[in-house]
Amino acid sequence: MSPLFLMQLRTDIKKYIPYIILAIIVVGCKSADNLFYLTDDWKEYKTYNVIRANINDNPNAFNLKNEELPNYVSEVDYALMLYFIQDPNTMTLSTIKDIQQKIQNRSLAQKIINIKLLSRYRLILISLLLTIAVAFMQEDKISTISVISYFIFLLILLCAISLDRFPKLHVIHCVVIAVFVVASQVDYNKRLKFGLTLFSCSWLLISVHFIKQIYEEHKADVTWHQELYSKYAYPLMEVVPEKSRLLLWADNMLLNYQSPFRLRSFPCKFYFQGWFTYSPLNKTISKSHLDLVESNFLFLLNKPKDDSREDVLMQLLQNHLKLQYNCKTELNIVNQNQKFKLVKLTKLNR
């Protein structure tokens, strides 16, 4: 009996090997994450980044009026934060905590306007209603009530999420999965079962079509950006002065389209803000936006037809420097071509 028992035990263990490996990977990644943020500086950065993300992902942050801000936060500084280029010297951890509290304190009447953001997913919501109807509708009134109640519950849940968060597509996907999981557990007659199967197959085909379309658009977008950067951005970056720092912002250059080996060949060093702003590594390079003027920083900017977005950003940055550091600046173009320009901020009041 003993050899048979051991054989059965080995067979049972083999079934759980993938789950054991997965558990080890999850525990290992979590342990590495905890070790990485063990020091006080990195703990503060992690806390800062979570709060910053909560603000930037909250639609109420973009509806906040100037008088609703803490009295020591300027409108210019707050606008820079919404553009992911906040000054770490003025937008400190305590400051963004106060801003988050102001956003959370907005009334329901002020937040309810955010529900309209769900309208972009109206086709998905209508499809969900039809799916629930096919799955649950029976001849008795109780089933009909359950259909309506379930859909109302999902709708209320999505509305509650949209009050303080941008309703992103992965949230909608979770709702779709929840509908199908519940629908699969319902006992219904053959006619309705056929209808649900037919509807599910249609949903699957539509999903495959959209996934294919999204993939083809993404592939075309990657190819277009790679050609754009190779032809226009790289020639500018190859001739920048050595040891200069290149600040990437305003979606002017997306690194997921770049080869890391090609980027290493440029004479400049790259500098990032946004969710890197409060990083201890960044603090050794730029403690405030004043360093963007005094430490040989260059800005690689798009040249859109109307120049509106990036002109606004540069104007905000210049206003911020004047307001916070009494530093008047002018914008000088170092180099440019048809699609990009390299610019530098130069101090006037020396």
# chains A, B, ... in the order shown; residues from 1 in each chain; ligands from 1
call {"tool": "select_by_dssp", "arguments": {"residues": "range 280-337 of chain A", "states": "helix (DSSP H, G or I)", "output": "count of residues only"}}
result
26
call {"tool": "atom_distance", "arguments": {"atom1": "CA of Ser265 in chain A", "atom2": "CA of Pro235 in chain A"}}
result
11.9 Å
call {"tool": "residues_around", "arguments": {"residues": "Thr47 in chain A", "least_positions_apart": "4", "cutoff": "10 Å", "atoms": "only C-alpha atoms", "output": "list in words"}}
result
Trp42, Lys43, Ile51, Arg52, Leu93, Lys97 and Tyr278 of chain A
call {"tool": "closest_residue", "arguments": {"among": "A:Arg165, A:Arg245, A:Lys347, A:His173", "to": "Ile103 in chain A", "atoms": "only C-alpha atoms"}}
result
A:Arg165
call {"tool": "closest_residue", "arguments": {"among": "A:Glu242, A:Glu310, A:Glu68, A:Asp291", "to": "Arg106 in chain A", "atoms": "only C-alpha atoms"}}
result
A:Glu68
call {"tool": "residues_around", "arguments": {"residues": "Phe266 in chain A", "least_positions_apart": "2", "cutoff": "12 Å", "atoms": "only C-alpha atoms", "output": "list of chain:residue names"}}
result
A:Ala233, A:Tyr234, A:Pro235, A:Leu236, A:Met237, A:Glu238, A:Val239, A:Val240, A:Pro241, A:Glu242, A:Lys243, A:Ser244, A:Arg245, A:Leu246, A:Ser259, A:Pro260, A:Phe261, A:Arg262, A:Leu263, A:Arg264, A:Cys268, A:Lys269, A:Phe270
call {"tool": "residues_around", "arguments": {"residues": "Gln104 in chain A", "least_positions_apart": "6", "cutoff": "10 Å", "atoms": "only C-alpha atoms", "output": "JSON, numbers by chain"}}
result
{"A": [55, 58, 60, 61, 98, 111, 164]}
call {"tool": "residues_around", "arguments": {"residues": "range 69-75 of chain A", "least_positions_apart": "3", "cutoff": "10 Å", "atoms": "only C-alpha atoms", "output": "VMD selection string"}}
result
chain A and resid 64 to 66 78 to 81 90 to 91 95 to 96 98 to 103 316 320 323 to 324
call {"tool": "write_last_selection", "arguments": {"atoms": "C-alpha atoms", "output": "PDB file, in the first residue's frame"}}
result
ATOM      1  CA  LEU A  64     -11.601  72.141  -8.656  1.00  0.00           C
ATOM      2  CA  LYS A  65     -11.885  75.925  -8.635  1.00  0.00           C
ATOM      3  CA  ASN A  66      -9.053  78.198  -7.556  1.00  0.00           C
ATOM      4  CA  TYR A  78      -1.782  73.218  -9.340  1.00  0.00           C
ATOM      5  CA  ALA A  79      -2.131  73.398 -13.148  1.00  0.00           C
ATOM      6  CA  LEU A  80       1.446  72.135 -13.516  1.00  0.00           C
ATOM      7  CA  MET A  81       0.575  69.203 -11.280  1.00  0.00           C
ATOM      8  CA  THR A  90       6.260  73.514  -3.789  1.00  0.00           C
ATOM      9  CA  MET A  91       4.121  70.397  -4.258  1.00  0.00           C
ATOM     10  CA  THR A  95       0.721  69.914   0.200  1.00  0.00           C
ATOM     11  CA  ILE A  96      -0.741  67.224  -2.032  1.00  0.00           C
ATOM     12  CA  ASP A  98      -4.170  68.879   1.656  1.00  0.00           C
ATOM     13  CA  ILE A  99      -5.191  69.052  -2.013  1.00  0.00           C
ATOM     14  CA  GLN A 100      -6.505  65.488  -1.895  1.00  0.00           C
ATOM     15  CA  GLN A 101      -8.542  66.353   1.186  1.00  0.00           C
ATOM     16  CA  LYS A 102     -10.057  69.358  -0.608  1.00  0.00           C
ATOM     17  CA  ILE A 103     -11.032  67.131  -3.531  1.00  0.00           C
ATOM     18  CA  LEU A 316       2.778  77.898 -17.102  1.00  0.00           C
ATOM     19  CA  HIS A 320       5.606  79.444 -11.979  1.00  0.00           C
ATOM     20  CA  LEU A 323       5.876  83.552  -9.013  1.00  0.00           C
ATOM     21  CA  GLN A 324       7.805  81.164  -6.770  1.00  0.00           C
TER      22      GLN A 324
END
call {"tool": "atom_distance", "arguments": {"atom1": "CA of Asp221 in chain A", "atom2": "CA of Phe299 in chain A"}}
result
23.4 Å
call {"tool": "closest_residue", "arguments": {"among": "A:Asn89, A:Gln258, A:Thr223, A:Ser279", "to": "Lys46 in chain A", "atoms": "only C-alpha atoms"}}
result
A:Ser279
